[in-house]
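Participant: Next up is a structure, given as structure tokens.
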Amino acid sequence: MKKFIFSIMFMLANTLLFAQVTINVTSVSSTTPSNDDIYIAGNFNNWNPNNSSYKLTKSGNSYSIILPSGTGEAAYKFTRGSWATVEGDALGNVIQNRTFTYSSNAIINVSILGWEDKKTGGGNNSTALSNVKLLSNNFYMPQLNKNRRIWIYLPNDYETNLNKKYPVLYMHDGQNCFDKTTAFAGEWGIDETLNYKEKNGDKGCIVVAIDNGGASRLDEYSPYVNSQYGGGKGDDYVDFLVLTLKPYIDSAYRTFPDKNNTAMSGSSMGGLITMYALFKYPNIYGKAGIFSPAFWFSNQLYTYIITKSKSNNQKFYFVCGQNEGGNMANWQDSMNAVLQSKGYDKTTELKNLKKPEGTHSESFWNAEFGACYDWLFEDLKQNVKKNEKINNDIIVYPNPAKNRVFISSLSSKIESVFLYDYSGKLVELESVNRLQENQFQIDIQHLNQGYYLVKVNTDKGEFTKSFIVNK
């Protein structure tokens, strides 16, 4: 009898361990090209968008695939062979990753509503390069209760080097970053500049550009109210960037999420809100590119920064025209003086440039962006291989997670783990269990929804990864 029970338990264990899942696509968008193949990409195949082993079988107007056996929770999306042709909603906007949990003989029926490449950005005369796309035409901003268009630039090798991760630069006034057809008075040419640098050896950078709110631009780009011009919504805007947008980017794209690899840049009022963001969230942003900053808008920014402690591993690049109106150069000098008084080194952590030919214009910022990028990211160029090794060694899954998260190392012995929230505060953990020498399990049921960083101490050093709690 005992032998019989043991046999039954063994068969059940193997059924769970080697559970197969069948996915049926019962309908596809009418925009789907009839001759295109459809693939599934997920954490089970290193998110490869055109792996022939994961091509769906077509039968009439439906598609299906039986996935290899697995356990736990899986995340995935459908593509037509590249991330440029990934599935979207019915309008072609970005959607969250799909998920399922492996179980014996599970059958999942889904529909593909649309494709991201079936919407356009700047129109027929767009000057944006092919690796610029719309992340969304109406990305929801819960902190402001608004929707906004957001652009993303992916490095040239993003779709071919699938093990590579990248730093991220967040930029304001997204209309002006890539495309002359959407720009107010000329574009910055961010895509052309980075494309040129990558072809000449630069390791590449993801750029996320958020459109300004038009009439609400001044309100959103300052936490302080100017009696003549407005303001006061800057905290909500910065919170959106940190609490909503950055967690999404880090979960949907291959990024280095730590502060050394996270930068922000903007001009005029965009420079003001960049400055504020780096001091409100010093554990999130490590680099700032600040062009012709409108520091005149409120003296309260200076007071706020004076009250804050110096944060290690932060760099600030300032540039403006020597003769820009409103005493721009003097306001910029004053801010640099404040930073130096707080201990920021004027050579390694600060760059303060005033150009005689500089004007308050996109053409000036376009010309200066390349030098700013090189200076901000020069410290990373020597550590790319080290960073890739660090981030590839540690795996955090599932991501997003609900009740528990697993932390595994491919080649290191894990000694301890620590969890931090988005502000850098150490989170008290209720249950942390070592499952084996190179794997931990953390109970996260008590945590609020949001973005978290986990620091993992191993016999090979301290590694940092991010994940999202999604209730």
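Within each chain, counting starts at residue 1; across the structure tokens, chains are named A, B, ... in the order shown, with ligands numbered 1 upward in that order.
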Compile the contact shell of Ser412 of chain A as a PyMOL selection string: residues with an atom at most 8 Å away, counting only C-alpha atoms, same-chain residues fewer than 2 positions apart removed.

Facilitator: chain A and resi 393+409-410+414+438+458-460

Participant: Which neighbours of segment 110-112 of chain A fall inside 9 Å, counting only C-alpha atoms, when residues of the same chain fewer than 6 positions from it are skipped, and could you give them as number ranges by chain?

Facilitator: A: 23-29, 78, 87-90

Participant: DSSP on the backbone, alpha helix (DSSP H) only: what residues of segment 48-295 of chain A does that give? Format it as an MDAnalysis selection string.

Facilitator: chainID A and resid 190:199 217:220 234:239 246:252 269:280

Participant: Go ahead and save the picked residues with C-alpha atoms, as a short mmCIF file (atom, residue, chain, number, x, y, z; two decimals), in the first residue's frame.

Facilitator:
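Written file, part.cif:
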```
data_model
loop_
_atom_site.label_atom_id
_atom_site.label_comp_id
_atom_site.auth_asym_id
_atom_site.auth_seq_id
_atom_site.Cartn_x
_atom_site.Cartn_y
_atom_site.Cartn_z
CA ILE A 190 18.69 62.58 -29.86
CA ASP A 191 18.27 59.52 -32.08
CA GLU A 192 20.73 60.71 -34.73
CA THR A 193 23.32 61.64 -32.09
CA LEU A 194 23.12 58.32 -30.24
CA ASN A 195 22.96 56.34 -33.46
CA TYR A 196 26.20 57.96 -34.61
CA LYS A 197 27.89 57.31 -31.27
CA GLU A 198 26.84 53.66 -31.25
CA LYS A 199 28.28 53.15 -34.73
CA ARG A 217 3.62 72.31 -18.97
CA LEU A 218 4.64 75.00 -16.47
CA ASP A 219 2.37 73.52 -13.80
CA GLU A 220 3.93 70.07 -14.17
CA GLY A 234 5.86 69.13 -10.15
CA ASP A 235 5.68 66.67 -7.26
CA ASP A 236 2.91 64.73 -8.99
CA TYR A 237 4.83 64.68 -12.25
CA VAL A 238 8.08 63.48 -10.65
CA ASP A 239 6.18 60.87 -8.65
CA LYS A 246 10.29 53.78 -14.35
CA PRO A 247 8.92 50.51 -12.91
CA TYR A 248 7.17 49.87 -16.21
CA ILE A 249 10.29 50.57 -18.27
CA ASP A 250 12.47 48.37 -16.04
CA SER A 251 9.99 45.49 -16.30
CA ALA A 252 9.29 45.75 -20.04
CA MET A 269 11.58 74.39 -17.15
CA GLY A 270 12.60 70.83 -17.97
CA GLY A 271 15.95 71.69 -16.42
CA LEU A 272 14.26 72.94 -13.26
CA ILE A 273 12.18 69.79 -12.78
CA THR A 274 15.24 67.62 -13.51
CA MET A 275 17.14 69.38 -10.74
CA TYR A 276 14.24 68.89 -8.35
CA ALA A 277 13.84 65.20 -9.25
CA LEU A 278 17.47 64.37 -8.49
CA PHE A 279 17.17 65.79 -4.99
CA LYS A 280 13.73 64.38 -4.25
#
```

Participant: Hey, what's within 12 Å of Gly81 of chain A if we count only C-alpha atoms and toss same-chain stuff fewer than 3 positions away? As a ChimeraX atom specification, please?

Facilitator: /A:36-41,47-52,54-56,77-78,84-87,115,117,159-160

Participant: Can you pull out the residues contacting Asn366 of chain A? Cut-off 9 Å, using only C-alpha atoms, and skip same-chain residues under 5 positions away; I want them as JSON, numbers by chain.

Facilitator: {"A": [177, 187, 188, 189, 190, 193, 361]}

Participant: Between A:Pro33, A:Phe240, A:Gly204, A:Val319, single out the one closest to Ala367 of chain A, counting only C-alpha atoms.

Facilitator: A:Val319

Participant: Please list as a short mmCIF file (atom, residue, chain, number, x, y, z; two decimals) with N, CA and C atoms, in the first residue's frame every residue within 7 Å of segment 153-157 of chain A, counting only C-alpha atoms and excluding residues in the same chain fewer than 3 positions away.

Facilitator:
```cif
data_model
loop_
_atom_site.label_atom_id
_atom_site.label_comp_id
_atom_site.auth_asym_id
_atom_site.auth_seq_id
_atom_site.Cartn_x
_atom_site.Cartn_y
_atom_site.Cartn_z
N ASN A 131 14.50 53.15 -34.98
CA ASN A 131 14.53 52.61 -33.62
C ASN A 131 13.90 53.54 -32.60
N VAL A 132 13.19 54.56 -33.07
CA VAL A 132 12.32 55.38 -32.22
C VAL A 132 10.90 54.93 -32.46
N LYS A 133 10.17 54.64 -31.40
CA LYS A 133 8.76 54.28 -31.56
C LYS A 133 7.96 54.90 -30.42
N THR A 160 19.10 42.44 -31.41
CA THR A 160 20.01 41.37 -31.82
C THR A 160 20.87 40.85 -30.68
N ASN A 161 21.18 41.69 -29.71
CA ASN A 161 21.99 41.28 -28.56
C ASN A 161 21.07 41.12 -27.36
N ASP A 191 18.08 60.81 -31.41
CA ASP A 191 18.27 59.52 -32.08
C ASP A 191 19.46 59.55 -33.03
N GLY A 204 25.58 52.24 -26.06
CA GLY A 204 24.15 52.44 -26.26
C GLY A 204 23.40 52.80 -25.00
N CYS A 205 22.25 53.45 -25.19
CA CYS A 205 21.44 53.93 -24.08
C CYS A 205 19.98 53.96 -24.53
N ILE A 206 19.08 53.50 -23.68
CA ILE A 206 17.65 53.65 -23.94
C ILE A 206 17.23 55.06 -23.54
N VAL A 207 16.43 55.71 -24.37
CA VAL A 207 15.91 57.04 -24.05
C VAL A 207 14.40 56.98 -24.00
N VAL A 208 13.84 57.44 -22.90
CA VAL A 208 12.39 57.53 -22.73
C VAL A 208 12.03 59.01 -22.66
#
```

Participant: Mind pulling up the distance from atom CA of Asn176 of chain A to atom CA of Ser136 of chain A?

Facilitator: 16.2 Å

Participant: Work out how far apart atom CA of Thr32 of chain A and atom CA of Asp179 of chain A are and give it in Å to one decimal.

Facilitator: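 Computing the Euclidean distance for atom CA of Thr32 of chain A and atom CA of Asp179 of chain A yields 26.7 Å.
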
Participant: If we count only C-alpha atoms and set the cut-off at 7 Å, which residues sit around Leu453 of chain A, ignoring sequence neighbours fewer than 3 positions away in its own chain? Please answer as a PyMOL selection string.

Facilitator: chain A and resi 419-421+464-467

Participant: Name the residues in contact with His172 of chain A at a cut-off of 8 Å, using only C-alpha atoms, excluding same-chain residues fewer than 4 positions from it; report them as a list in words.

Facilitator: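 That gives Ala209, Ile210, Asp211, Asn212, Ser265, Gly266, Ser267 and Gly270 of chain A.
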
Participant: For the atom pair atom CA of Asn312 of chain A and atom CA of Tyr344 of chain A, what is the interatomic distance in Å to one decimal place?

Facilitator: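 Between these atoms lies a distance of 8.8 Å.
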
Participant: Looking only at the backbone, which of the residues in segment 65-248 of chain A does DSSP tag as strand (DSSP E or B), as a PyMOL selection string?

Facilitator: chain A and resi 65-70+73-79+86-88+98-101+106-111+114-115+132-141+146-153+166+168-171+206-210+225-226+230-231

Participant: Export C-alpha atoms of the chosen residues as an mmCIF file, in the first residue's frame?

Facilitator:
```cif
data_model
loop_
_atom_site.group_PDB
_atom_site.id
_atom_site.type_symbol
_atom_site.label_atom_id
_atom_site.label_comp_id
_atom_site.auth_asym_id
_atom_site.auth_seq_id
_atom_site.Cartn_x
_atom_site.Cartn_y
_atom_site.Cartn_z
ATOM 1 C CA ILE A 65 1.587 26.423 -29.637
ATOM 2 C CA ILE A 66 2.403 23.852 -26.958
ATOM 3 C CA LEU A 67 5.116 25.259 -24.719
ATOM 4 C CA PRO A 68 7.896 23.131 -23.238
ATOM 5 C CA SER A 69 7.327 21.934 -19.691
ATOM 6 C CA GLY A 70 7.923 24.372 -16.874
ATOM 7 C CA GLU A 73 4.663 31.774 -13.322
ATOM 8 C CA ALA A 74 5.554 32.764 -16.891
ATOM 9 C CA ALA A 75 5.386 36.173 -18.584
ATOM 10 C CA TYR A 76 5.079 36.582 -22.347
ATOM 11 C CA LYS A 77 3.963 38.570 -25.389
ATOM 12 C CA PHE A 78 3.333 37.796 -29.053
ATOM 13 C CA THR A 79 5.392 39.268 -31.892
ATOM 14 C CA VAL A 86 5.130 43.305 -30.878
ATOM 15 C CA GLU A 87 1.447 43.028 -30.018
ATOM 16 C CA GLY A 88 -0.444 46.023 -28.621
ATOM 17 C CA ARG A 98 0.710 38.503 -20.372
ATOM 18 C CA THR A 99 1.153 35.886 -17.627
ATOM 19 C CA PHE A 100 0.143 32.332 -16.797
ATOM 20 C CA THR A 101 1.028 29.723 -14.190
ATOM 21 C CA ALA A 106 -3.505 23.798 -19.169
ATOM 22 C CA ILE A 107 -5.187 25.365 -22.206
ATOM 23 C CA ILE A 108 -5.166 29.169 -22.552
ATOM 24 C CA ASN A 109 -7.282 30.961 -25.150
ATOM 25 C CA VAL A 110 -6.352 34.542 -26.030
ATOM 26 C CA SER A 111 -6.924 37.187 -28.708
ATOM 27 C CA GLY A 114 -3.444 44.930 -32.422
ATOM 28 C CA TRP A 115 0.235 45.567 -33.140
ATOM 29 C CA VAL A 132 12.322 55.375 -32.220
ATOM 30 C CA LYS A 133 8.763 54.281 -31.557
ATOM 31 C CA LEU A 134 5.801 55.362 -29.517
ATOM 32 C CA LEU A 135 5.697 53.622 -26.181
ATOM 33 C CA SER A 136 2.111 54.815 -25.997
ATOM 34 C CA ASN A 137 -0.122 57.519 -27.393
ATOM 35 C CA ASN A 138 -2.009 57.742 -24.107
ATOM 36 C CA PHE A 139 0.068 56.345 -21.255
ATOM 37 C CA TYR A 140 -1.946 56.839 -18.063
ATOM 38 C CA MET A 141 -0.418 59.077 -15.379
ATOM 39 C CA LYS A 146 -4.008 62.366 -17.268
ATOM 40 C CA ASN A 147 -2.822 60.480 -20.327
ATOM 41 C CA ARG A 148 0.313 61.359 -22.240
ATOM 42 C CA ARG A 149 2.248 60.346 -25.336
ATOM 43 C CA ILE A 150 5.600 58.758 -24.522
ATOM 44 C CA TRP A 151 8.414 57.897 -26.926
ATOM 45 C CA ILE A 152 11.217 55.376 -26.597
ATOM 46 C CA TYR A 153 14.564 55.090 -28.389
ATOM 47 C CA TYR A 166 21.310 49.339 -21.059
ATOM 48 C CA VAL A 168 18.190 54.715 -19.361
ATOM 49 C CA LEU A 169 17.905 58.455 -19.971
ATOM 50 C CA TYR A 170 14.540 60.066 -19.186
ATOM 51 C CA MET A 171 13.785 63.295 -21.052
ATOM 52 C CA ILE A 206 17.646 53.646 -23.940
ATOM 53 C CA VAL A 207 15.915 57.043 -24.052
ATOM 54 C CA VAL A 208 12.386 57.527 -22.727
ATOM 55 C CA ALA A 209 10.874 60.889 -23.706
ATOM 56 C CA ILE A 210 7.650 62.132 -22.135
ATOM 57 C CA VAL A 225 3.864 78.164 -7.674
ATOM 58 C CA ASN A 226 4.963 81.302 -9.501
ATOM 59 C CA GLY A 230 1.650 78.948 -12.367
ATOM 60 C CA GLY A 231 3.341 75.726 -11.268
#
```
